[in-house]
file my_file10.pdb (PDB, C-alpha atoms)
ATOM      1  CA  MET B   1      14.099   2.310   4.864
ATOM      2  CA  THR B   2      12.200   2.089   1.579
ATOM      3  CA  ALA B   3       8.580   0.886   1.665
ATOM      4  CA  ILE B   4       7.903   1.116  -2.095
ATOM      5  CA  LEU B   5      10.573   0.693  -4.762
ATOM      6  CA  VAL B   6       9.751   1.031  -8.473
ATOM      7  CA  ASN B   7      12.479   0.456 -11.055
ATOM      8  CA  THR B   8      11.991   1.066 -14.816
ATOM      9  CA  LEU B   9       8.393  -0.176 -14.584
ATOM     10  CA  ARG B  10       6.541  -0.825 -17.846
ATOM     11  CA  LYS B  11       3.010  -1.911 -18.745
ATOM     12  CA  ARG B  12       1.567  -2.373 -22.220
ATOM     13  CA  TYR B  13      -1.959  -3.009 -23.501
ATOM     14  CA  GLY B  14      -1.516  -4.295 -27.021
ATOM     15  CA  ALA B  15       0.297  -1.607 -28.980
ATOM     16  CA  PHE B  16      -0.357   1.013 -26.294
ATOM     17  CA  GLU B  17       2.299   1.450 -23.611
ATOM     18  CA  ALA B  18       0.543   2.891 -20.560
ATOM     19  CA  VAL B  19       3.615   3.007 -18.298
ATOM     20  CA  LYS B  20       6.990   3.688 -19.893
ATOM     21  CA  GLY B  21       9.900   2.737 -17.669
ATOM     22  CA  ILE B  22       9.166   4.830 -14.574
ATOM     23  CA  SER B  23      11.231   4.712 -11.375
ATOM     24  CA  PHE B  24      10.646   6.132  -7.897
ATOM     25  CA  LYS B  25      10.805   5.137  -4.243
ATOM     26  CA  VAL B  26       8.812   5.953  -1.128
ATOM     27  CA  PRO B  27      10.377   5.790   2.355
ATOM     28  CA  HIS B  28       8.458   4.285   5.260
ATOM     29  CA  GLY B  29       5.922   6.624   6.821
ATOM     30  CA  GLN B  30       5.860   9.111   3.942
ATOM     31  CA  ILE B  31       2.960  10.304   1.800
ATOM     32  CA  PHE B  32       3.761  10.183  -1.927
ATOM     33  CA  ALA B  33       1.499  11.711  -4.567
ATOM     34  CA  LEU B  34       1.226  10.501  -8.163
ATOM     35  CA  LEU B  35      -0.195  13.325 -10.257
ATOM     36  CA  GLY B  36      -1.209  13.646 -13.877
ATOM     37  CA  ARG B  37      -4.052  14.145 -16.280
ATOM     38  CA  ASN B  38      -6.604  11.457 -17.144
ATOM     39  CA  GLY B  39      -4.869   8.668 -19.028
ATOM     40  CA  ALA B  40      -1.411   9.594 -17.728
ATOM     41  CA  GLY B  41      -0.886   6.125 -16.213
ATOM     42  CA  LYS B  42      -1.606   6.804 -12.529
ATOM     43  CA  THR B  43      -4.217   4.100 -11.928
ATOM     44  CA  THR B  44      -2.267   1.523 -13.950
ATOM     45  CA  THR B  45       0.798   2.226 -11.825
ATOM     46  CA  LEU B  46      -1.206   1.828  -8.627
ATOM     47  CA  GLU B  47      -2.670  -1.475  -9.831
ATOM     48  CA  LEU B  48       0.833  -2.738 -10.617
ATOM     49  CA  LEU B  49       1.980  -1.778  -7.124
ATOM     50  CA  ALA B  50      -0.996  -3.565  -5.575
ATOM     51  CA  GLY B  51      -0.340  -6.735  -7.581
ATOM     52  CA  PHE B  52      -3.558  -6.578  -9.601
ATOM     53  CA  GLN B  53      -1.543  -6.579 -12.821
ATOM     54  CA  ARG B  54       1.798  -8.083 -13.834
ATOM     55  CA  PRO B  55       4.456  -5.684 -15.198
ATOM     56  CA  ASP B  56       5.738  -6.137 -18.746
ATOM     57  CA  GLY B  57       9.138  -4.826 -17.683
ATOM     58  CA  GLY B  58      11.025  -3.505 -14.698
ATOM     59  CA  SER B  59      10.305  -4.382 -11.106
ATOM     60  CA  VAL B  60       8.162  -3.406  -8.105
ATOM     61  CA  ARG B  61       8.835  -4.093  -4.447
ATOM     62  CA  VAL B  62       6.384  -3.275  -1.677
ATOM     63  CA  LEU B  63       7.801  -3.821   1.821
ATOM     64  CA  GLY B  64      10.562  -5.787   0.099
ATOM     65  CA  LEU B  65       8.074  -8.162  -1.552
ATOM     66  CA  ASP B  66       6.967  -8.736  -5.135
ATOM     67  CA  PRO B  67       3.246  -7.791  -5.298
ATOM     68  CA  VAL B  68       2.566 -10.549  -7.843
ATOM     69  CA  SER B  69       4.573 -13.557  -6.657
ATOM     70  CA  ASP B  70       4.184 -12.623  -2.975
ATOM     71  CA  ARG B  71       0.635 -11.347  -3.363
ATOM     72  CA  ALA B  72      -0.836 -13.014  -0.255
ATOM     73  CA  ALA B  73       1.878 -11.572   1.993
ATOM     74  CA  VAL B  74       1.576  -8.136   0.380
ATOM     75  CA  ARG B  75      -2.217  -8.087   0.695
ATOM     76  CA  ARG B  76      -2.003  -8.810   4.429
ATOM     77  CA  ARG B  77       0.086  -5.677   4.940
ATOM     78  CA  THR B  78      -1.512  -3.260   2.473
ATOM     79  CA  GLY B  79      -4.843  -1.515   2.011
ATOM     80  CA  ILE B  80      -6.228  -0.124  -1.222
ATOM     81  CA  MET B  81      -8.969   2.335  -2.055
ATOM     82  CA  LEU B  82      -9.789   2.147  -5.760
ATOM     83  CA  GLN B  83     -11.769   4.734  -7.743
ATOM     84  CA  GLU B  84     -14.747   2.378  -7.913
ATOM     85  CA  ALA B  85     -15.579  -0.456  -5.547
ATOM     86  CA  GLY B  86     -18.336  -3.015  -5.983
ATOM     87  CA  PHE B  87     -20.825  -2.748  -3.134
ATOM     88  CA  PHE B  88     -24.089  -4.596  -2.569
ATOM     89  CA  PRO B  89     -26.541  -1.675  -2.619
ATOM     90  CA  ASP B  90     -29.144  -3.232  -0.319
ATOM     91  CA  LEU B  91     -26.731  -4.034   2.497
ATOM     92  CA  THR B  92     -26.238  -1.512   5.263
ATOM     93  CA  VAL B  93     -22.894   0.144   5.893
ATOM     94  CA  ARG B  94     -22.514  -2.003   9.013
ATOM     95  CA  GLN B  95     -23.197  -5.218   7.108
ATOM     96  CA  THR B  96     -20.765  -4.238   4.349
ATOM     97  CA  VAL B  97     -17.948  -3.673   6.830
ATOM     98  CA  ASP B  98     -18.746  -6.903   8.667
ATOM     99  CA  ILE B  99     -18.511  -8.915   5.428
ATOM    100  CA  TRP B 100     -15.181  -7.251   4.601
ATOM    101  CA  ARG B 101     -13.870  -8.018   8.088
ATOM    102  CA  ASP B 102     -14.426 -11.730   7.452
ATOM    103  CA  PHE B 103     -11.806 -11.564   4.682
ATOM    104  CA  THR B 104      -9.318  -9.404   6.621
ATOM    105  CA  SER B 105      -6.586 -10.691   8.904
ATOM    106  CA  ALA B 106      -6.805  -9.187  12.434
ATOM    107  CA  PRO B 107      -9.236  -6.447  11.365
ATOM    108  CA  ARG B 108     -10.012  -3.269  13.237
ATOM    109  CA  PRO B 109     -13.322  -3.231  15.120
ATOM    110  CA  ARG B 110     -16.121  -2.193  12.798
ATOM    111  CA  ASP B 111     -17.046   0.945  14.732
ATOM    112  CA  GLU B 112     -13.427   2.103  14.859
ATOM    113  CA  ALA B 113     -13.093   1.850  11.068
ATOM    114  CA  LEU B 114     -16.358   3.717  10.528
ATOM    115  CA  GLU B 115     -15.382   6.493  12.939
ATOM    116  CA  LEU B 116     -11.992   6.877  11.228
ATOM    117  CA  ALA B 117     -13.725   7.333   7.869
ATOM    118  CA  GLY B 118     -16.362   9.698   9.236
ATOM    119  CA  LEU B 119     -19.257   7.248   8.863
ATOM    120  CA  GLY B 120     -20.056   6.609  12.503
ATOM    121  CA  GLY B 121     -23.589   7.921  12.069
ATOM    122  CA  LYS B 122     -24.300   5.907   8.912
ATOM    123  CA  ALA B 123     -23.911   2.342  10.191
ATOM    124  CA  THR B 124     -27.568   1.411   9.595
ATOM    125  CA  THR B 125     -27.897   3.259   6.264
ATOM    126  CA  ARG B 126     -28.189   1.139   3.124
ATOM    127  CA  VAL B 127     -25.338   1.603   0.676
ATOM    128  CA  ARG B 128     -27.666   2.721  -2.108
ATOM    129  CA  GLN B 129     -28.769   5.634   0.088
ATOM    130  CA  LEU B 130     -25.239   6.982   0.498
ATOM    131  CA  SER B 131     -24.045   9.994  -1.461
ATOM    132  CA  GLY B 132     -21.071   9.655  -3.777
ATOM    133  CA  GLY B 133     -18.773  11.187  -1.179
ATOM    134  CA  GLU B 134     -20.103   8.875   1.539
ATOM    135  CA  LYS B 135     -19.403   5.859  -0.652
ATOM    136  CA  ARG B 136     -15.826   7.090  -0.988
ATOM    137  CA  ARG B 137     -15.613   7.227   2.799
ATOM    138  CA  LEU B 138     -16.915   3.651   2.975
ATOM    139  CA  ASP B 139     -14.150   2.697   0.532
ATOM    140  CA  LEU B 140     -11.686   4.304   2.937
ATOM    141  CA  ALA B 141     -13.109   2.454   5.952
ATOM    142  CA  LEU B 142     -12.653  -0.870   4.158
ATOM    143  CA  ALA B 143      -9.098   0.017   3.107
ATOM    144  CA  LEU B 144      -8.206   0.738   6.740
ATOM    145  CA  LEU B 145      -9.658  -2.453   8.231
ATOM    146  CA  GLY B 146      -6.393  -4.402   8.190
ATOM    147  CA  ARG B 147      -4.277  -1.645   9.800
ATOM    148  CA  PRO B 148      -2.103  -1.541   6.666
ATOM    149  CA  ASP B 149       1.605  -0.752   6.681
ATOM    150  CA  VAL B 150       1.166   0.611   3.138
ATOM    151  CA  LEU B 151      -2.024   2.304   1.939
ATOM    152  CA  PHE B 152      -2.868   2.955  -1.729
ATOM    153  CA  LEU B 153      -5.462   5.685  -2.321
ATOM    154  CA  ASP B 154      -6.794   6.271  -5.831
ATOM    155  CA  GLU B 155      -8.542   9.683  -5.958
ATOM    156  CA  PRO B 156      -9.532   9.321  -2.289
ATOM    157  CA  THR B 157     -11.661  12.473  -1.916
ATOM    158  CA  ALA B 158     -13.423  12.525  -5.293
ATOM    159  CA  GLY B 159     -17.081  13.442  -4.751
ATOM    160  CA  MET B 160     -16.616  14.511  -1.142
ATOM    161  CA  ASP B 161     -17.901  17.823   0.146
ATOM    162  CA  PRO B 162     -15.293  20.279   1.519
ATOM    163  CA  ARG B 163     -15.832  19.265   5.162
ATOM    164  CA  ALA B 164     -15.467  15.554   4.408
ATOM    165  CA  ARG B 165     -12.369  16.264   2.297
ATOM    166  CA  LEU B 166     -10.705  18.117   5.175
ATOM    167  CA  ASP B 167     -11.620  15.328   7.598
ATOM    168  CA  THR B 168     -10.151  12.725   5.241
ATOM    169  CA  TRP B 169      -6.943  14.736   4.912
ATOM    170  CA  GLN B 170      -6.651  14.689   8.693
ATOM    171  CA  VAL B 171      -7.095  10.896   8.774
ATOM    172  CA  VAL B 172      -4.369  10.500   6.135
ATOM    173  CA  ARG B 173      -1.988  12.746   8.092
ATOM    174  CA  GLU B 174      -2.622  10.828  11.306
ATOM    175  CA  LEU B 175      -2.016   7.483   9.611
ATOM    176  CA  ALA B 176       1.289   8.719   8.194
ATOM    177  CA  GLY B 177       2.202  10.059  11.632
ATOM    178  CA  GLN B 178       1.666   6.555  13.006
ATOM    179  CA  GLY B 179       4.075   5.110  10.416
ATOM    180  CA  THR B 180       1.772   4.102   7.546
ATOM    181  CA  THR B 181       3.267   4.656   4.091
ATOM    182  CA  ILE B 182       0.703   6.209   1.754
ATOM    183  CA  LEU B 183       0.713   6.474  -2.020
ATOM    184  CA  LEU B 184      -2.138   8.508  -3.443
ATOM    185  CA  THR B 185      -3.278   9.603  -6.856
ATOM    186  CA  THR B 186      -5.297  12.797  -7.056
ATOM    187  CA  HIS B 187      -6.608  15.428  -9.444
ATOM    188  CA  TYR B 188      -6.673  17.973  -6.630
ATOM    189  CA  LEU B 189      -3.429  19.925  -6.637
ATOM    190  CA  GLU B 190      -4.231  21.417  -3.243
ATOM    191  CA  GLU B 191      -4.692  17.912  -1.841
ATOM    192  CA  ALA B 192      -1.242  16.818  -2.957
ATOM    193  CA  GLN B 193       0.324  20.047  -1.750
ATOM    194  CA  ARG B 194      -1.330  19.785   1.677
ATOM    195  CA  LEU B 195      -0.556  16.098   2.248
ATOM    196  CA  ALA B 196       2.436  14.795   0.317
ATOM    197  CA  HIS B 197       6.080  14.762   1.341
ATOM    198  CA  ALA B 198       7.103  13.992  -2.240
ATOM    199  CA  MET B 199       5.498  13.584  -5.637
ATOM    200  CA  ALA B 200       5.896  12.499  -9.246
ATOM    201  CA  ILE B 201       3.979  13.858 -12.215
ATOM    202  CA  LEU B 202       3.062  11.361 -14.918
ATOM    203  CA  ASP B 203       2.378  12.391 -18.492
ATOM    204  CA  GLU B 204       1.683   9.801 -21.199
ATOM    205  CA  GLY B 205       3.186   7.065 -19.023
ATOM    206  CA  GLU B 206       6.413   8.898 -18.185
ATOM    207  CA  ILE B 207       7.553  10.814 -15.121
ATOM    208  CA  VAL B 208       8.105  14.411 -16.221
ATOM    209  CA  ALA B 209       8.779  15.919 -12.782
ATOM    210  CA  ALA B 210       9.543  14.420  -9.372
ATOM    211  CA  GLY B 211      11.040  15.250  -6.016
ATOM    212  CA  GLY B 212      10.325  16.396  -2.503
ATOM    213  CA  MET B 213       7.261  18.631  -2.339
ATOM    214  CA  ALA B 214       8.922  21.539  -0.539
ATOM    215  CA  GLU B 215      12.071  21.392  -2.659
ATOM    216  CA  THR B 216      10.094  21.173  -5.903
ATOM    217  CA  LEU B 217       7.938  24.175  -5.055
ATOM    218  CA  ALA B 218      10.940  26.160  -3.817
ATOM    219  CA  GLY B 219      12.454  25.938  -7.294
ATOM    220  CA  LEU B 220       9.377  27.370  -9.003
ATOM    221  CA  ARG B 221       8.378  30.933  -9.703
ATOM    222  CA  GLY B 222       5.629  32.610  -7.712
ATOM    223  CA  ARG B 223       3.048  34.997  -9.132
ATOM    224  CA  VAL B 224       2.315  38.704  -8.769
ATOM    225  CA  ALA B 225      -0.886  39.790 -10.542
ATOM    226  CA  PHE B 226      -2.514  43.206 -10.827
ATOM    227  CA  ARG B 227      -4.539  45.414 -13.157
ATOM    228  CA  LEU B 228      -2.359  47.584 -15.350
ATOM    229  CA  PRO B 229      -3.005  51.274 -14.545
ATOM    230  CA  ALA B 230      -4.813  53.232 -17.262
ATOM    231  CA  GLY B 231      -2.481  54.783 -19.798
ATOM    232  CA  VAL B 232       0.488  52.600 -18.787
ATOM    233  CA  GLY B 233       2.045  50.196 -21.284
ATOM    234  CA  PRO B 234       3.719  46.916 -20.284
ATOM    235  CA  GLY B 235       7.074  48.257 -21.436
ATOM    236  CA  GLU B 236       6.978  50.949 -18.753
ATOM    237  CA  LEU B 237       6.893  48.449 -15.901
ATOM    238  CA  PRO B 238      10.107  47.634 -14.023
ATOM    239  CA  LEU B 239       9.575  43.890 -14.496
ATOM    240  CA  PRO B 240       8.369  41.843 -17.484
ATOM    241  CA  VAL B 241       4.744  40.685 -17.430
ATOM    242  CA  THR B 242       2.392  38.463 -19.361
ATOM    243  CA  PHE B 243      -1.380  38.790 -19.395
ATOM    244  CA  ASP B 244      -4.092  36.554 -17.944
ATOM    245  CA  GLY B 245      -7.274  38.204 -19.169
ATOM    246  CA  GLU B 246      -7.306  41.697 -17.683
ATOM    247  CA  LEU B 247      -4.521  40.931 -15.222
ATOM    248  CA  ALA B 248      -0.845  41.647 -15.752
ATOM    249  CA  VAL B 249       1.157  38.733 -14.318
ATOM    250  CA  CYS B 250       4.772  38.764 -13.227
ATOM    251  CA  ARG B 251       6.371  35.381 -12.478
ATOM    252  CA  ALA B 252       9.306  35.528 -10.064
ATOM    253  CA  GLY B 253      11.332  33.266  -7.807
ATOM    254  CA  ASP B 254      10.739  35.717  -4.954
ATOM    255  CA  PRO B 255       7.228  37.120  -5.525
ATOM    256  CA  ASP B 256       7.384  39.311  -2.399
ATOM    257  CA  LEU B 257      10.491  41.073  -3.696
ATOM    258  CA  ALA B 258       8.896  41.475  -7.127
ATOM    259  CA  ALA B 259       5.782  42.971  -5.535
ATOM    260  CA  GLN B 260       7.910  45.449  -3.579
ATOM    261  CA  ALA B 261       9.643  46.558  -6.779
ATOM    262  CA  LEU B 262       6.307  47.034  -8.558
ATOM    263  CA  LEU B 263       4.755  48.927  -5.623
ATOM    264  CA  SER B 264       7.798  51.224  -5.327
ATOM    265  CA  TRP B 265       7.613  51.931  -9.060
ATOM    266  CA  ALA B 266       3.874  52.693  -8.817
ATOM    267  CA  ALA B 267       4.264  54.891  -5.722
ATOM    268  CA  GLY B 268       6.944  56.943  -7.449
ATOM    269  CA  ARG B 269       4.457  57.746 -10.195
ATOM    270  CA  GLY B 270       1.408  58.223  -8.026
ATOM    271  CA  LEU B 271      -0.233  55.095  -9.438
ATOM    272  CA  ARG B 272      -2.248  52.322  -7.806
ATOM    273  CA  LEU B 273      -1.918  48.633  -8.695
ATOM    274  CA  ALA B 274      -5.540  47.528  -8.349
ATOM    275  CA  GLY B 275      -6.326  43.902  -7.554
ATOM    276  CA  LEU B 276      -2.776  43.152  -6.445
ATOM    277  CA  GLU B 277      -2.297  39.455  -5.650
ATOM    278  CA  VAL B 278       0.958  37.915  -4.443
ATOM    279  CA  ARG B 279       1.416  34.188  -3.934
ATOM    280  CA  THR B 280       4.217  31.683  -3.782
ATOM    281  CA  ALA B 281       4.505  28.867  -6.292
ATOM    282  CA  THR B 282       1.973  26.018  -6.275
ATOM    283  CA  LEU B 283       1.660  22.669  -8.019
ATOM    284  CA  GLU B 284      -0.654  24.392 -10.473
ATOM    285  CA  ASP B 285       2.283  26.587 -11.477
ATOM    286  CA  LEU B 286       4.362  23.460 -12.018
ATOM    287  CA  PHE B 287       1.703  22.046 -14.344
ATOM    288  CA  LEU B 288       1.608  25.344 -16.231
ATOM    289  CA  ASP B 289       5.396  25.344 -16.539
ATOM    290  CA  LEU B 290       5.310  21.781 -17.890
ATOM    291  CA  SER B 291       2.559  22.722 -20.354
ATOM    292  CA  GLY B 292       4.603  25.687 -21.475
ATOM    293  CA  SER B 293       7.560  23.411 -22.182
ATOM    294  CA  GLY B 294       5.478  21.525 -24.728
ATOM    295  CA  ARG B 295       4.489  18.515 -22.647
TER     296      ARG B 295
END

call {"tool": "encode", "arguments": {"input": "my_file10.pdb", "output": "structure tokens"}}
result
Amino acid sequence: MTAILVNTLRKRYGAFEAVKGISFKVPHGQIFALLGRNGAGKTTTLELLAGFQRPDGGSVRVLGLDPVSDRAAVRRRTGIMLQEAGFFPDLTVRQTVDIWRDFTSAPRPRDEALELAGLGGKATTRVRQLSGGEKRRLDLALALLGRPDVLFLDEPTAGMDPRARLDTWQVVRELAGQGTTILLTTHYLEEAQRLAHAMAILDEGEIVAAGGMAETLAGLRGRVAFRLPAGVGPGELPLPVTFDGELAVCRAGDPDLAAQALLSWAAGRGLRLAGLEVRTATLEDLFLDLSGSGR
């Protein structure tokens, strides 16, 4: 069953079209990542899904409802974590959550929400004393108060330290495991790769790549990198390479097989491939491929 359905969605600001007829869907209980550079249209798309803005074309359905005309019903069943939230700096974390609970239907207990977001030890801390990453975790606690069926996360781990980022990833996985549908935007390719079942890449308001995460990465080329032995020219290698600084780089669908071919070639000549690195394809490779195609 589909939790989020987007069909030829468009949004314009004056002469500028921020979202240009995009379409995608997210099944119940899946994590979907919207990726793209700054200004690609990610946040605008999220705001359209949440009902904060009205589309100029196309349609959006969240849990079968229109986020604009059915906004009250949608808000009861969704949570949203925006890039910037307006907090009262002199209130404590506890007081902030308590105020938010007053506007939430059947909210979680305050302490449960704080523990989920990793803020259990900060309940009496004033908001202005929180670090940037801790404020993001407070955003997350507030987004989770209503036990949402659909959760929108806009750059959820921006500003977090590595430990907090890993903890937040675990919370997101557990929520999805319990049936929550999650749509996130992120600049962190590793974050999308670790969490998402499927993704779409936005560029200048258009989707330029989309699909299941595993299937998308399986169709990409991995990377074998090494330092070219002294006195050896690129034309002598058994496989074509490009150069990344001092490293020779071979891109291949099966990087392990390519590495074996290169090592066998080197062994037959008594050579050593210093700094050898073999890795499968990543989302970063997908971005590089898209950049190379002129996007």

call {"tool": "atom_distance", "arguments": {"input": "my_file10.pdb", "atom1": "CA of Leu228 (chain B)", "atom2": "CA of Ala281 (chain B)"}}
result
21.9 Å

call {"tool": "closest_residue", "arguments": {"input": "my_file10.pdb", "among": "B:Pro107, B:Gly118, B:Gly268, B:Gly179", "to": "Arg147 (chain B)", "atoms": "only C-alpha atoms"}}
result
B:Pro107

call {"tool": "resolve_selection", "arguments": {"input": "my_file10.pdb", "expression": "the PyMOL selection byres ((chain B and resi 47) around 12)", "output": "PyMOL selection string"}}
result
chain B and resi 11+19+41-46+48-55+60+67-68+80-83+152-154+183-185

call {"tool": "atom_distance", "arguments": {"input": "my_file10.pdb", "atom1": "CA of Gln95 (chain B)", "atom2": "CA of Pro109 (chain B)"}}
result
12.9 Å

call {"tool": "residues_near_point", "arguments": {"input": "my_file10.pdb", "point": "(9.1, 38.6, -7.7)", "cutoff": "10 Å", "atoms": "all atoms listed in the file", "output": "NGL selection string"}}
result
:B and (221-224 or 239 or 250-262 or 278-280)

call {"tool": "axis_aligned_box", "arguments": {"input": "my_file10.pdb", "around": "region 127-130 of chain B", "padding_each_side": "8 Å", "output": "JSON"}}
result
{"center_x": -27.0, "center_y": 4.3, "center_z": -0.7, "size_x": 19.5, "size_y": 21.4, "size_z": 18.8}

call {"tool": "residues_around", "arguments": {"input": "my_file10.pdb", "residues": "Leu175 (chain B)", "least_positions_apart": "6", "cutoff": "9 Å", "atoms": "only C-alpha atoms", "output": "PyMOL selection string"}}
result
chain B and resi 29+181-182

call {"tool": "resolve_selection", "arguments": {"input": "my_file10.pdb", "expression": "the PyMOL selection byres ((chain B and resi 249) around 9)", "output": "JSON, numbers by chain"}}
result
{"B": [223, 224, 225, 226, 227, 240, 241, 242, 243, 244, 247, 248, 250, 251]}

call {"tool": "residues_around", "arguments": {"input": "my_file10.pdb", "residues": "Leu217 (chain B)", "least_positions_apart": "3", "cutoff": "9 Å", "atoms": "all atoms listed in the file", "output": "PyMOL selection string"}}
result
chain B and resi 212-214+220-221+280-283+285-286

call {"tool": "write_last_selection", "arguments": {"input": "my_file10.pdb", "atoms": "C-alpha atoms", "output": "PDB file, keeping the file's coordinate frame"}}
result
ATOM      1  CA  GLY B 212      10.325  16.396  -2.503  1.00  0.00           C
ATOM      2  CA  MET B 213       7.261  18.631  -2.339  1.00  0.00           C
ATOM      3  CA  ALA B 214       8.922  21.539  -0.539  1.00  0.00           C
ATOM      4  CA  LEU B 220       9.377  27.370  -9.003  1.00  0.00           C
ATOM      5  CA  ARG B 221       8.378  30.933  -9.703  1.00  0.00           C
ATOM      6  CA  THR B 280       4.217  31.683  -3.782  1.00  0.00           C
ATOM      7  CA  ALA B 281       4.505  28.867  -6.292  1.00  0.00           C
ATOM      8  CA  THR B 282       1.973  26.018  -6.275  1.00  0.00           C
ATOM      9  CA  LEU B 283       1.660  22.669  -8.019  1.00  0.00           C
ATOM     10  CA  ASP B 285       2.283  26.587 -11.477  1.00  0.00           C
ATOM     11  CA  LEU B 286       4.362  23.460 -12.018  1.00  0.00           C
TER      12      LEU B 286
END

call {"tool": "closest_residue", "arguments": {"input": "my_file10.pdb", "among": "B:Ala33, B:Val26, B:Val171, B:Leu237", "to": "Ala200 (chain B)", "atoms": "all atoms listed in the file"}}
result
B:Ala33

call {"tool": "residues_around", "arguments": {"input": "my_file10.pdb", "residues": "region 119-125 of chain B", "least_positions_apart": "3", "cutoff": "7 Å", "atoms": "all atoms listed in the file", "output": "VMD selection string"}}
result
chain B and resid 92 to 94 111 114 to 115 129

call {"tool": "atom_distance", "arguments": {"input": "my_file10.pdb", "atom1": "CA of Gly86 (chain B)", "atom2": "CA of Ala192 (chain B)"}}
result
26.4 Å

call {"tool": "residues_around", "arguments": {"input": "my_file10.pdb", "residues": "Glu174 (chain B)", "least_positions_apart": "4", "cutoff": "12 Å", "atoms": "only C-alpha atoms", "output": "number ranges by chain"}}
result
B: 29-31, 116, 167-170, 178-182, 195

call {"tool": "build_atoms", "arguments": {"input": "my_file10.pdb", "residues": "region 194-206 of chain B", "atoms": "N, CA and C atoms", "output": "short mmCIF file (atom, residue, chain, number, x, y, z; two decimals), in the coordinates of the input"}}
result
data_model
loop_
_atom_site.label_atom_id
_atom_site.label_comp_id
_atom_site.auth_asym_id
_atom_site.auth_seq_id
_atom_site.Cartn_x
_atom_site.Cartn_y
_atom_site.Cartn_z
N ARG B 194 -1.07 19.81 0.23
CA ARG B 194 -1.33 19.78 1.68
C ARG B 194 -0.79 18.51 2.34
N LEU B 195 -0.81 17.39 1.61
CA LEU B 195 -0.56 16.10 2.25
C LEU B 195 0.83 15.52 1.98
N ALA B 196 1.31 15.62 0.75
CA ALA B 196 2.44 14.80 0.32
C ALA B 196 3.79 15.34 0.75
N HIS B 197 4.69 14.41 1.11
CA HIS B 197 6.08 14.76 1.34
C HIS B 197 6.84 14.86 0.01
N ALA B 198 6.44 14.03 -0.94
CA ALA B 198 7.10 13.99 -2.24
C ALA B 198 6.08 13.63 -3.30
N MET B 199 6.45 13.84 -4.57
CA MET B 199 5.50 13.58 -5.64
C MET B 199 6.22 13.25 -6.94
N ALA B 200 5.44 12.69 -7.86
CA ALA B 200 5.90 12.50 -9.25
C ALA B 200 4.72 12.84 -10.15
N ILE B 201 5.01 13.52 -11.24
CA ILE B 201 3.98 13.86 -12.22
C ILE B 201 4.15 12.96 -13.43
N LEU B 202 3.08 12.24 -13.76
CA LEU B 202 3.06 11.36 -14.92
C LEU B 202 2.41 12.07 -16.10
N ASP B 203 2.99 11.89 -17.27
CA ASP B 203 2.38 12.39 -18.49
C ASP B 203 2.65 11.38 -19.60
N GLU B 204 1.57 10.82 -20.15
CA GLU B 204 1.68 9.80 -21.20
C GLU B 204 2.61 8.66 -20.78
N GLY B 205 2.46 8.22 -19.51
CA GLY B 205 3.19 7.06 -19.02
C GLY B 205 4.60 7.32 -18.57
N GLU B 206 5.06 8.57 -18.59
CA GLU B 206 6.41 8.90 -18.18
C GLU B 206 6.40 9.89 -17.03
#
